[in-house]
$ cat upload.pdb   # PDB, C-alpha atoms
ATOM      1  CA  MET A 287       0.000   0.000   0.000  1.00  0.00           C
ATOM      2  CA  LYS A 288       2.903   2.338   0.797  1.00  0.00           C
ATOM      3  CA  GLN A 289       4.264   1.959  -2.744  1.00  0.00           C
ATOM      4  CA  VAL A 290       0.859   2.744  -4.270  1.00  0.00           C
ATOM      5  CA  CYS A 291       0.735   5.957  -2.219  1.00  0.00           C
ATOM      6  CA  LYS A 292       4.190   6.906  -3.515  1.00  0.00           C
ATOM      7  CA  LEU A 293       3.029   6.371  -7.103  1.00  0.00           C
ATOM      8  CA  LEU A 294      -0.001   8.580  -6.544  1.00  0.00           C
ATOM      9  CA  ARG A 295       2.241  11.439  -5.357  1.00  0.00           C
ATOM     10  CA  LEU A 296       4.266  11.513  -8.586  1.00  0.00           C
ATOM     11  CA  ASN A 297       3.823  14.519 -10.839  1.00  0.00           C
ATOM     12  CA  ASP A 298       2.705  13.970 -14.446  1.00  0.00           C
ATOM     13  CA  ARG A 299       6.246  14.082 -15.817  1.00  0.00           C
ATOM     14  CA  GLU A 300       7.539  11.490 -13.323  1.00  0.00           C
ATOM     15  CA  ARG A 301       4.504   9.274 -13.841  1.00  0.00           C
ATOM     16  CA  ASN A 302       4.935   9.375 -17.631  1.00  0.00           C
ATOM     17  CA  LEU A 303       8.630   8.569 -17.334  1.00  0.00           C
ATOM     18  CA  LEU A 304       7.885   5.643 -15.022  1.00  0.00           C
ATOM     19  CA  ILE A 305       5.139   4.257 -17.285  1.00  0.00           C
ATOM     20  CA  ASN A 306       7.276   4.605 -20.421  1.00  0.00           C
ATOM     21  CA  THR A 307      10.252   3.003 -18.671  1.00  0.00           C
ATOM     22  CA  PHE A 308       8.129   0.123 -17.399  1.00  0.00           C
ATOM     23  CA  ILE A 309       6.793  -0.540 -20.915  1.00  0.00           C
ATOM     24  CA  LEU A 310      10.270  -0.251 -22.449  1.00  0.00           C
ATOM     25  CA  LEU A 311      11.758  -2.623 -19.865  1.00  0.00           C
ATOM     26  CA  GLY A 312       9.019  -5.168 -20.629  1.00  0.00           C
ATOM     27  CA  LEU A 313       9.640  -4.854 -24.362  1.00  0.00           C
ATOM     28  CA  VAL A 314      13.403  -5.216 -23.893  1.00  0.00           C
ATOM     29  CA  ARG A 315      12.873  -8.367 -21.819  1.00  0.00           C
ATOM     30  CA  LEU A 316      10.604  -9.762 -24.531  1.00  0.00           C
ATOM     31  CA  GLY A 317      13.035  -8.736 -27.269  1.00  0.00           C
ATOM     32  CA  LEU A 318      15.905 -10.511 -25.548  1.00  0.00           C
ATOM     33  CA  CYS A 319      13.859 -13.711 -25.659  1.00  0.00           C
ATOM     34  CA  LEU A 320      12.568 -13.394 -29.219  1.00  0.00           C
ATOM     35  CA  LEU A 321      15.114 -11.472 -31.295  1.00  0.00           C
ATOM     36  CA  PRO A 322      18.773 -11.845 -32.171  1.00  0.00           C
ATOM     37  CA  PHE A 323      20.737  -9.317 -30.098  1.00  0.00           C
ATOM     38  CA  GLN A 324      21.714  -7.235 -33.149  1.00  0.00           C
ATOM     39  CA  LYS A 325      18.063  -6.928 -34.259  1.00  0.00           C
ATOM     40  CA  LEU A 326      17.036  -5.838 -30.775  1.00  0.00           C
ATOM     41  CA  GLN A 327      19.786  -3.211 -30.740  1.00  0.00           C
ATOM     42  CA  GLN A 328      18.603  -1.902 -34.126  1.00  0.00           C
ATOM     43  CA  ARG A 329      15.084  -1.501 -32.814  1.00  0.00           C
ATOM     44  CA  LEU A 330      16.277   0.146 -29.623  1.00  0.00           C
ATOM     45  CA  ALA A 331      18.380   2.564 -31.705  1.00  0.00           C
ATOM     46  CA  ILE A 332      15.164   3.814 -33.312  1.00  0.00           C
ATOM     47  CA  ILE A 333      13.590   4.402 -29.900  1.00  0.00           C
ATOM     48  CA  SER A 334      16.868   5.962 -28.716  1.00  0.00           C
ATOM     49  CA  GLN A 335      16.725   8.810 -31.187  1.00  0.00           C
ATOM     50  CA  GLN A 336      16.958  11.988 -29.194  1.00  0.00           C
ATOM     51  CA  SER A 337      13.621  13.276 -28.018  1.00  0.00           C
ATOM     52  CA  PRO A 338      12.337  16.215 -30.065  1.00  0.00           C
ATOM     53  CA  GLN A 339      10.883  17.559 -26.825  1.00  0.00           C
ATOM     54  CA  ARG A 340      13.103  19.909 -24.904  1.00  0.00           C
ATOM     55  CA  ASP A 341      12.019  18.424 -21.578  1.00  0.00           C
ATOM     56  CA  GLN A 342      15.319  17.417 -20.047  1.00  0.00           C
ATOM     57  CA  ILE A 343      15.159  14.354 -17.877  1.00  0.00           C
ATOM     58  CA  SER A 344      18.001  14.119 -15.394  1.00  0.00           C
ATOM     59  CA  LEU A 345      20.236  11.092 -15.182  1.00  0.00           C
ATOM     60  CA  ASN A 346      19.006  10.521 -11.627  1.00  0.00           C
ATOM     61  CA  GLN A 347      15.404  10.448 -12.869  1.00  0.00           C
ATOM     62  CA  ILE A 348      16.290   7.841 -15.516  1.00  0.00           C
ATOM     63  CA  ILE A 349      18.081   5.660 -12.955  1.00  0.00           C
ATOM     64  CA  TRP A 350      15.134   6.023 -10.565  1.00  0.00           C
ATOM     65  CA  ALA A 351      12.673   5.029 -13.310  1.00  0.00           C
ATOM     66  CA  VAL A 352      14.696   1.932 -14.302  1.00  0.00           C
ATOM     67  CA  ASN A 353      15.068   0.843 -10.664  1.00  0.00           C
ATOM     68  CA  ALA A 354      11.389   1.462  -9.867  1.00  0.00           C
ATOM     69  CA  SER A 355      10.243  -0.322 -13.035  1.00  0.00           C
ATOM     70  CA  THR A 356      12.379  -3.319 -12.108  1.00  0.00           C
ATOM     71  CA  ARG A 357      10.704  -3.487  -8.687  1.00  0.00           C
ATOM     72  CA  TYR A 358       7.220  -3.434 -10.234  1.00  0.00           C
ATOM     73  CA  MET A 359       8.065  -5.780 -13.141  1.00  0.00           C
ATOM     74  CA  PRO A 360       6.691  -9.278 -12.540  1.00  0.00           C
ATOM     75  CA  GLY A 361       9.768 -11.453 -12.145  1.00  0.00           C
ATOM     76  CA  GLY A 362      12.059  -8.413 -12.012  1.00  0.00           C
ATOM     77  CA  ALA A 363      14.610  -7.890 -14.756  1.00  0.00           C
ATOM     78  CA  LYS A 364      18.092  -9.197 -15.398  1.00  0.00           C
ATOM     79  CA  CYS A 365      21.087  -6.900 -15.691  1.00  0.00           C
ATOM     80  CA  LEU A 366      21.145  -6.875 -19.512  1.00  0.00           C
ATOM     81  CA  ALA A 367      17.496  -5.812 -19.806  1.00  0.00           C
ATOM     82  CA  ARG A 368      18.063  -3.098 -17.205  1.00  0.00           C
ATOM     83  CA  ALA A 369      21.234  -1.885 -18.931  1.00  0.00           C
ATOM     84  CA  LEU A 370      19.630  -1.774 -22.388  1.00  0.00           C
ATOM     85  CA  THR A 371      16.601   0.076 -21.018  1.00  0.00           C
ATOM     86  CA  CYS A 372      18.814   2.597 -19.261  1.00  0.00           C
ATOM     87  CA  GLN A 373      20.995   3.017 -22.356  1.00  0.00           C
ATOM     88  CA  THR A 374      17.965   3.633 -24.567  1.00  0.00           C
ATOM     89  CA  LEU A 375      16.537   6.284 -22.253  1.00  0.00           C
ATOM     90  CA  MET A 376      19.890   7.968 -21.746  1.00  0.00           C
ATOM     91  CA  ASN A 377      20.437   8.201 -25.504  1.00  0.00           C
ATOM     92  CA  ARG A 378      16.915   9.543 -25.945  1.00  0.00           C
ATOM     93  CA  TYR A 379      17.554  12.362 -23.501  1.00  0.00           C
ATOM     94  CA  GLY A 380      20.947  13.362 -24.821  1.00  0.00           C
ATOM     95  CA  TYR A 381      23.373  11.450 -22.607  1.00  0.00           C
ATOM     96  CA  SER A 382      26.253   9.301 -23.905  1.00  0.00           C
ATOM     97  CA  PRO A 383      26.002   5.954 -22.127  1.00  0.00           C
ATOM     98  CA  GLN A 384      28.399   3.096 -22.668  1.00  0.00           C
ATOM     99  CA  LEU A 385      27.072  -0.442 -22.447  1.00  0.00           C
ATOM    100  CA  ARG A 386      29.564  -2.738 -20.765  1.00  0.00           C
ATOM    101  CA  ILE A 387      29.331  -6.501 -20.662  1.00  0.00           C
ATOM    102  CA  GLY A 388      31.822  -8.427 -18.603  1.00  0.00           C
ATOM    103  CA  VAL A 389      32.472 -12.127 -18.168  1.00  0.00           C
ATOM    104  CA  THR A 390      34.147 -14.288 -15.554  1.00  0.00           C
ATOM    105  CA  LYS A 391      34.361 -17.915 -14.522  1.00  0.00           C
ATOM    106  CA  SER A 392      32.868 -18.958 -11.220  1.00  0.00           C
ATOM    107  CA  GLU A 393      34.801 -21.069  -8.748  1.00  0.00           C
ATOM    108  CA  LYS A 394      33.077 -24.108 -10.292  1.00  0.00           C
ATOM    109  CA  GLY A 395      34.239 -23.098 -13.773  1.00  0.00           C
ATOM    110  CA  LYS A 396      30.841 -21.836 -14.950  1.00  0.00           C
ATOM    111  CA  LEU A 397      30.824 -18.812 -17.268  1.00  0.00           C
ATOM    112  CA  GLU A 398      29.068 -15.800 -15.731  1.00  0.00           C
ATOM    113  CA  ALA A 399      28.242 -12.479 -17.357  1.00  0.00           C
ATOM    114  CA  HIS A 400      27.078  -9.091 -16.156  1.00  0.00           C
ATOM    115  CA  ALA A 401      25.961  -5.927 -17.945  1.00  0.00           C
ATOM    116  CA  TRP A 402      26.181  -2.360 -16.711  1.00  0.00           C
ATOM    117  CA  ILE A 403      26.023   1.197 -18.007  1.00  0.00           C
ATOM    118  CA  GLU A 404      28.716   3.812 -17.623  1.00  0.00           C
ATOM    119  CA  ASN A 405      28.393   7.536 -18.210  1.00  0.00           C
ATOM    120  CA  GLN A 406      31.536   9.693 -18.195  1.00  0.00           C
ATOM    121  CA  GLY A 407      33.457   6.877 -16.501  1.00  0.00           C
ATOM    122  CA  GLN A 408      30.887   6.413 -13.722  1.00  0.00           C
ATOM    123  CA  ILE A 409      28.716   3.318 -13.348  1.00  0.00           C
ATOM    124  CA  VAL A 410      25.070   4.400 -13.324  1.00  0.00           C
ATOM    125  CA  ILE A 411      23.248   1.047 -13.535  1.00  0.00           C
ATOM    126  CA  GLY A 412      24.539  -2.414 -12.671  1.00  0.00           C
ATOM    127  CA  ASN A 413      27.209  -1.694 -10.094  1.00  0.00           C
ATOM    128  CA  LEU A 414      28.191  -4.713  -7.997  1.00  0.00           C
ATOM    129  CA  THR A 415      30.469  -4.880  -4.984  1.00  0.00           C
ATOM    130  CA  ASP A 416      32.547  -7.491  -6.851  1.00  0.00           C
ATOM    131  CA  LEU A 417      32.302  -5.955 -10.331  1.00  0.00           C
ATOM    132  CA  SER A 418      36.087  -6.043 -10.706  1.00  0.00           C
ATOM    133  CA  ARG A 419      35.987  -9.828 -11.095  1.00  0.00           C
ATOM    134  CA  PHE A 420      34.287  -9.359 -14.501  1.00  0.00           C
ATOM    135  CA  THR A 421      36.514  -8.802 -17.512  1.00  0.00           C
ATOM    136  CA  PRO A 422      34.820  -6.282 -19.835  1.00  0.00           C
ATOM    137  CA  LEU A 423      34.369  -7.423 -23.420  1.00  0.00           C
ATOM    138  CA  PRO A 424      35.330  -5.045 -26.246  1.00  0.00           C
ATOM    139  CA  SER A 425      32.686  -2.445 -26.981  1.00  0.00           C
ATOM    140  CA  LEU A 426      29.910  -3.463 -29.334  1.00  0.00           C
ATOM    141  CA  TYR A 427      30.110  -0.053 -30.991  1.00  0.00           C
ATOM    142  CA  ASN A 428      32.951   1.548 -32.915  1.00  0.00           C
TER     143      ASN A 428
END

$ encode --input "upload.pdb" --output "structure tokens"
Amino acid sequence: MKQVCKLLRLNDRERNLLINTFILLGLVRLGLCLLPFQKLQQRLAIISQQSPQRDQISLNQIIWAVNASTRYMPGGAKCLARALTCQTLMNRYGYSPQLRIGVTKSEKGKLEAHAWIENQGQIVIGNLTDLSRFTPLPSLYN
């Protein structure tokens, strides 16, 4: 009930950002299941085109919307879906995010991966206390 009350106190701009982020996160999750990664990225690039509106959304608002959408998303969202959603929104509002994907082997020899977003050298989504154990793959973009 407390969370519903918080949602009701949002202004129109925050509510719209949260709704759009929730929908985008759901579509990214679905796209990761149904599309080859390159096709999904192409579709997200279309959505990522900078907003013609001059309403500037702060980086903190984008991070808040991704985190809140994850909490309300049935089943949550994995790091790659969260990172791609954040990247898409950041591009849309004029930021320059960098998608990072890192890999490591667990103690049992199992391959593990993690995705995060950096902006100006700072991790904005996907920070882990043991992130340094992941070796970043080369960038997917030139």

$ closest_residue --input "upload.pdb" --among "A:Val314, A:Ala351, A:Val410, A:Ile332" --to "A:Leu370" --atoms "all atoms listed in the file"
A:Val314

$ resolve_selection --input "upload.pdb" --expression "the PyMOL selection byres ((chain A and resi 380-384) around 7)" --output "list in words"
Gln336, Gln373, Met376, Asn377, Arg378, Tyr379, Leu385, Arg386, Ile403, Glu404 and Asn405 of chain A

$ resolve_selection --input "upload.pdb" --expression "the PyMOL selection byres ((chain A and resi 388) around 9)" --output "MDAnalysis selection string"
chainID A and resid 386:387 389:390 398:402 417 419:423

$ closest_residue --input "upload.pdb" --among "A:Leu326, A:Ile349, A:Met359, A:Ile343" --to "A:Leu311" --atoms "all atoms listed in the file"
A:Met359

$ residues_around --input "upload.pdb" --residues "A:Arg357" --least-positions-apart "5" --cutoff "12 Å" --atoms "all atoms listed in the file" --output "PyMOL selection string"
chain A and resi 289+304+307-308+311+350-352+362-364+368

$ write_last_selection --input "upload.pdb" --atoms "C-alpha atoms" --output "PDB file, in the frame of the given file"
ATOM      1  CA  GLN A 289       4.264   1.959  -2.744  1.00  0.00           C
ATOM      2  CA  LEU A 304       7.885   5.643 -15.022  1.00  0.00           C
ATOM      3  CA  THR A 307      10.252   3.003 -18.671  1.00  0.00           C
ATOM      4  CA  PHE A 308       8.129   0.123 -17.399  1.00  0.00           C
ATOM      5  CA  LEU A 311      11.758  -2.623 -19.865  1.00  0.00           C
ATOM      6  CA  TRP A 350      15.134   6.023 -10.565  1.00  0.00           C
ATOM      7  CA  ALA A 351      12.673   5.029 -13.310  1.00  0.00           C
ATOM      8  CA  VAL A 352      14.696   1.932 -14.302  1.00  0.00           C
ATOM      9  CA  GLY A 362      12.059  -8.413 -12.012  1.00  0.00           C
ATOM     10  CA  ALA A 363      14.610  -7.890 -14.756  1.00  0.00           C
ATOM     11  CA  LYS A 364      18.092  -9.197 -15.398  1.00  0.00           C
ATOM     12  CA  ARG A 368      18.063  -3.098 -17.205  1.00  0.00           C
TER      13      ARG A 368
END

$ atom_distance --input "upload.pdb" --atom1 "atom CA of A:Leu313" --atom2 "atom CA of A:Ala367"
9.1 Å

$ closest_residue --input "upload.pdb" --among "A:Asn413, A:Ser344, A:Thr371, A:Asn297" --to "A:Ala331" --atoms "all atoms listed in the file"
A:Thr371

$ closest_residue --input "upload.pdb" --among "A:Thr415, A:Ser425, A:Gln406, A:Thr356" --to "A:Leu310" --atoms "only C-alpha atoms"
A:Thr356

$ atom_distance --input "upload.pdb" --atom1 "atom CA of A:Gln408" --atom2 "atom CA of A:Gly312"
25.7 Å

$ atom_distance --input "upload.pdb" --atom1 "atom CA of A:Leu318" --atom2 "atom CA of A:Ile305"
20.1 Å

$ closest_residue --input "upload.pdb" --among "A:Cys319, A:Cys365, A:Ile411, A:Leu397" --to "A:Asn346" --atoms "all atoms listed in the file"
A:Ile411

$ closest_residue --input "upload.pdb" --among "A:Pro424, A:Ala354, A:Leu366, A:Ser418" --to "A:Gly317" --atoms "all atoms listed in the file"
A:Leu366

$ decode --input "upload.pdb" --residues "stretch 303-363 of chain A" --atoms "C-alpha atoms" --output "PDB file, in the first residue's frame"
ATOM      1  CA  LEU A 303       8.630   8.569 -17.334  1.00  0.00           C
ATOM      2  CA  LEU A 304       7.885   5.643 -15.022  1.00  0.00           C
ATOM      3  CA  ILE A 305       5.139   4.257 -17.285  1.00  0.00           C
ATOM      4  CA  ASN A 306       7.276   4.605 -20.421  1.00  0.00           C
ATOM      5  CA  THR A 307      10.252   3.003 -18.671  1.00  0.00           C
ATOM      6  CA  PHE A 308       8.129   0.123 -17.399  1.00  0.00           C
ATOM      7  CA  ILE A 309       6.793  -0.540 -20.915  1.00  0.00           C
ATOM      8  CA  LEU A 310      10.270  -0.251 -22.449  1.00  0.00           C
ATOM      9  CA  LEU A 311      11.758  -2.623 -19.865  1.00  0.00           C
ATOM     10  CA  GLY A 312       9.019  -5.168 -20.629  1.00  0.00           C
ATOM     11  CA  LEU A 313       9.640  -4.854 -24.362  1.00  0.00           C
ATOM     12  CA  VAL A 314      13.403  -5.216 -23.893  1.00  0.00           C
ATOM     13  CA  ARG A 315      12.873  -8.367 -21.819  1.00  0.00           C
ATOM     14  CA  LEU A 316      10.604  -9.762 -24.531  1.00  0.00           C
ATOM     15  CA  GLY A 317      13.035  -8.736 -27.269  1.00  0.00           C
ATOM     16  CA  LEU A 318      15.905 -10.511 -25.548  1.00  0.00           C
ATOM     17  CA  CYS A 319      13.859 -13.711 -25.659  1.00  0.00           C
ATOM     18  CA  LEU A 320      12.568 -13.394 -29.219  1.00  0.00           C
ATOM     19  CA  LEU A 321      15.114 -11.472 -31.295  1.00  0.00           C
ATOM     20  CA  PRO A 322      18.773 -11.845 -32.171  1.00  0.00           C
ATOM     21  CA  PHE A 323      20.737  -9.317 -30.098  1.00  0.00           C
ATOM     22  CA  GLN A 324      21.714  -7.235 -33.149  1.00  0.00           C
ATOM     23  CA  LYS A 325      18.063  -6.928 -34.259  1.00  0.00           C
ATOM     24  CA  LEU A 326      17.036  -5.838 -30.775  1.00  0.00           C
ATOM     25  CA  GLN A 327      19.786  -3.211 -30.740  1.00  0.00           C
ATOM     26  CA  GLN A 328      18.603  -1.902 -34.126  1.00  0.00           C
ATOM     27  CA  ARG A 329      15.084  -1.501 -32.814  1.00  0.00           C
ATOM     28  CA  LEU A 330      16.277   0.146 -29.623  1.00  0.00           C
ATOM     29  CA  ALA A 331      18.380   2.564 -31.705  1.00  0.00           C
ATOM     30  CA  ILE A 332      15.164   3.814 -33.312  1.00  0.00           C
ATOM     31  CA  ILE A 333      13.590   4.402 -29.900  1.00  0.00           C
ATOM     32  CA  SER A 334      16.868   5.962 -28.716  1.00  0.00           C
ATOM     33  CA  GLN A 335      16.725   8.810 -31.187  1.00  0.00           C
ATOM     34  CA  GLN A 336      16.958  11.988 -29.194  1.00  0.00           C
ATOM     35  CA  SER A 337      13.621  13.276 -28.018  1.00  0.00           C
ATOM     36  CA  PRO A 338      12.337  16.215 -30.065  1.00  0.00           C
ATOM     37  CA  GLN A 339      10.883  17.559 -26.825  1.00  0.00           C
ATOM     38  CA  ARG A 340      13.103  19.909 -24.904  1.00  0.00           C
ATOM     39  CA  ASP A 341      12.019  18.424 -21.578  1.00  0.00           C
ATOM     40  CA  GLN A 342      15.319  17.417 -20.047  1.00  0.00           C
ATOM     41  CA  ILE A 343      15.159  14.354 -17.877  1.00  0.00           C
ATOM     42  CA  SER A 344      18.001  14.119 -15.394  1.00  0.00           C
ATOM     43  CA  LEU A 345      20.236  11.092 -15.182  1.00  0.00           C
ATOM     44  CA  ASN A 346      19.006  10.521 -11.627  1.00  0.00           C
ATOM     45  CA  GLN A 347      15.404  10.448 -12.869  1.00  0.00           C
ATOM     46  CA  ILE A 348      16.290   7.841 -15.516  1.00  0.00           C
ATOM     47  CA  ILE A 349      18.081   5.660 -12.955  1.00  0.00           C
ATOM     48  CA  TRP A 350      15.134   6.023 -10.565  1.00  0.00           C
ATOM     49  CA  ALA A 351      12.673   5.029 -13.310  1.00  0.00           C
ATOM     50  CA  VAL A 352      14.696   1.932 -14.302  1.00  0.00           C
ATOM     51  CA  ASN A 353      15.068   0.843 -10.664  1.00  0.00           C
ATOM     52  CA  ALA A 354      11.389   1.462  -9.867  1.00  0.00           C
ATOM     53  CA  SER A 355      10.243  -0.322 -13.035  1.00  0.00           C
ATOM     54  CA  THR A 356      12.379  -3.319 -12.108  1.00  0.00           C
ATOM     55  CA  ARG A 357      10.704  -3.487  -8.687  1.00  0.00           C
ATOM     56  CA  TYR A 358       7.220  -3.434 -10.234  1.00  0.00           C
ATOM     57  CA  MET A 359       8.065  -5.780 -13.141  1.00  0.00           C
ATOM     58  CA  PRO A 360       6.691  -9.278 -12.540  1.00  0.00           C
ATOM     59  CA  GLY A 361       9.768 -11.453 -12.145  1.00  0.00           C
ATOM     60  CA  GLY A 362      12.059  -8.413 -12.012  1.00  0.00           C
ATOM     61  CA  ALA A 363      14.610  -7.890 -14.756  1.00  0.00           C
TER      62      ALA A 363
END
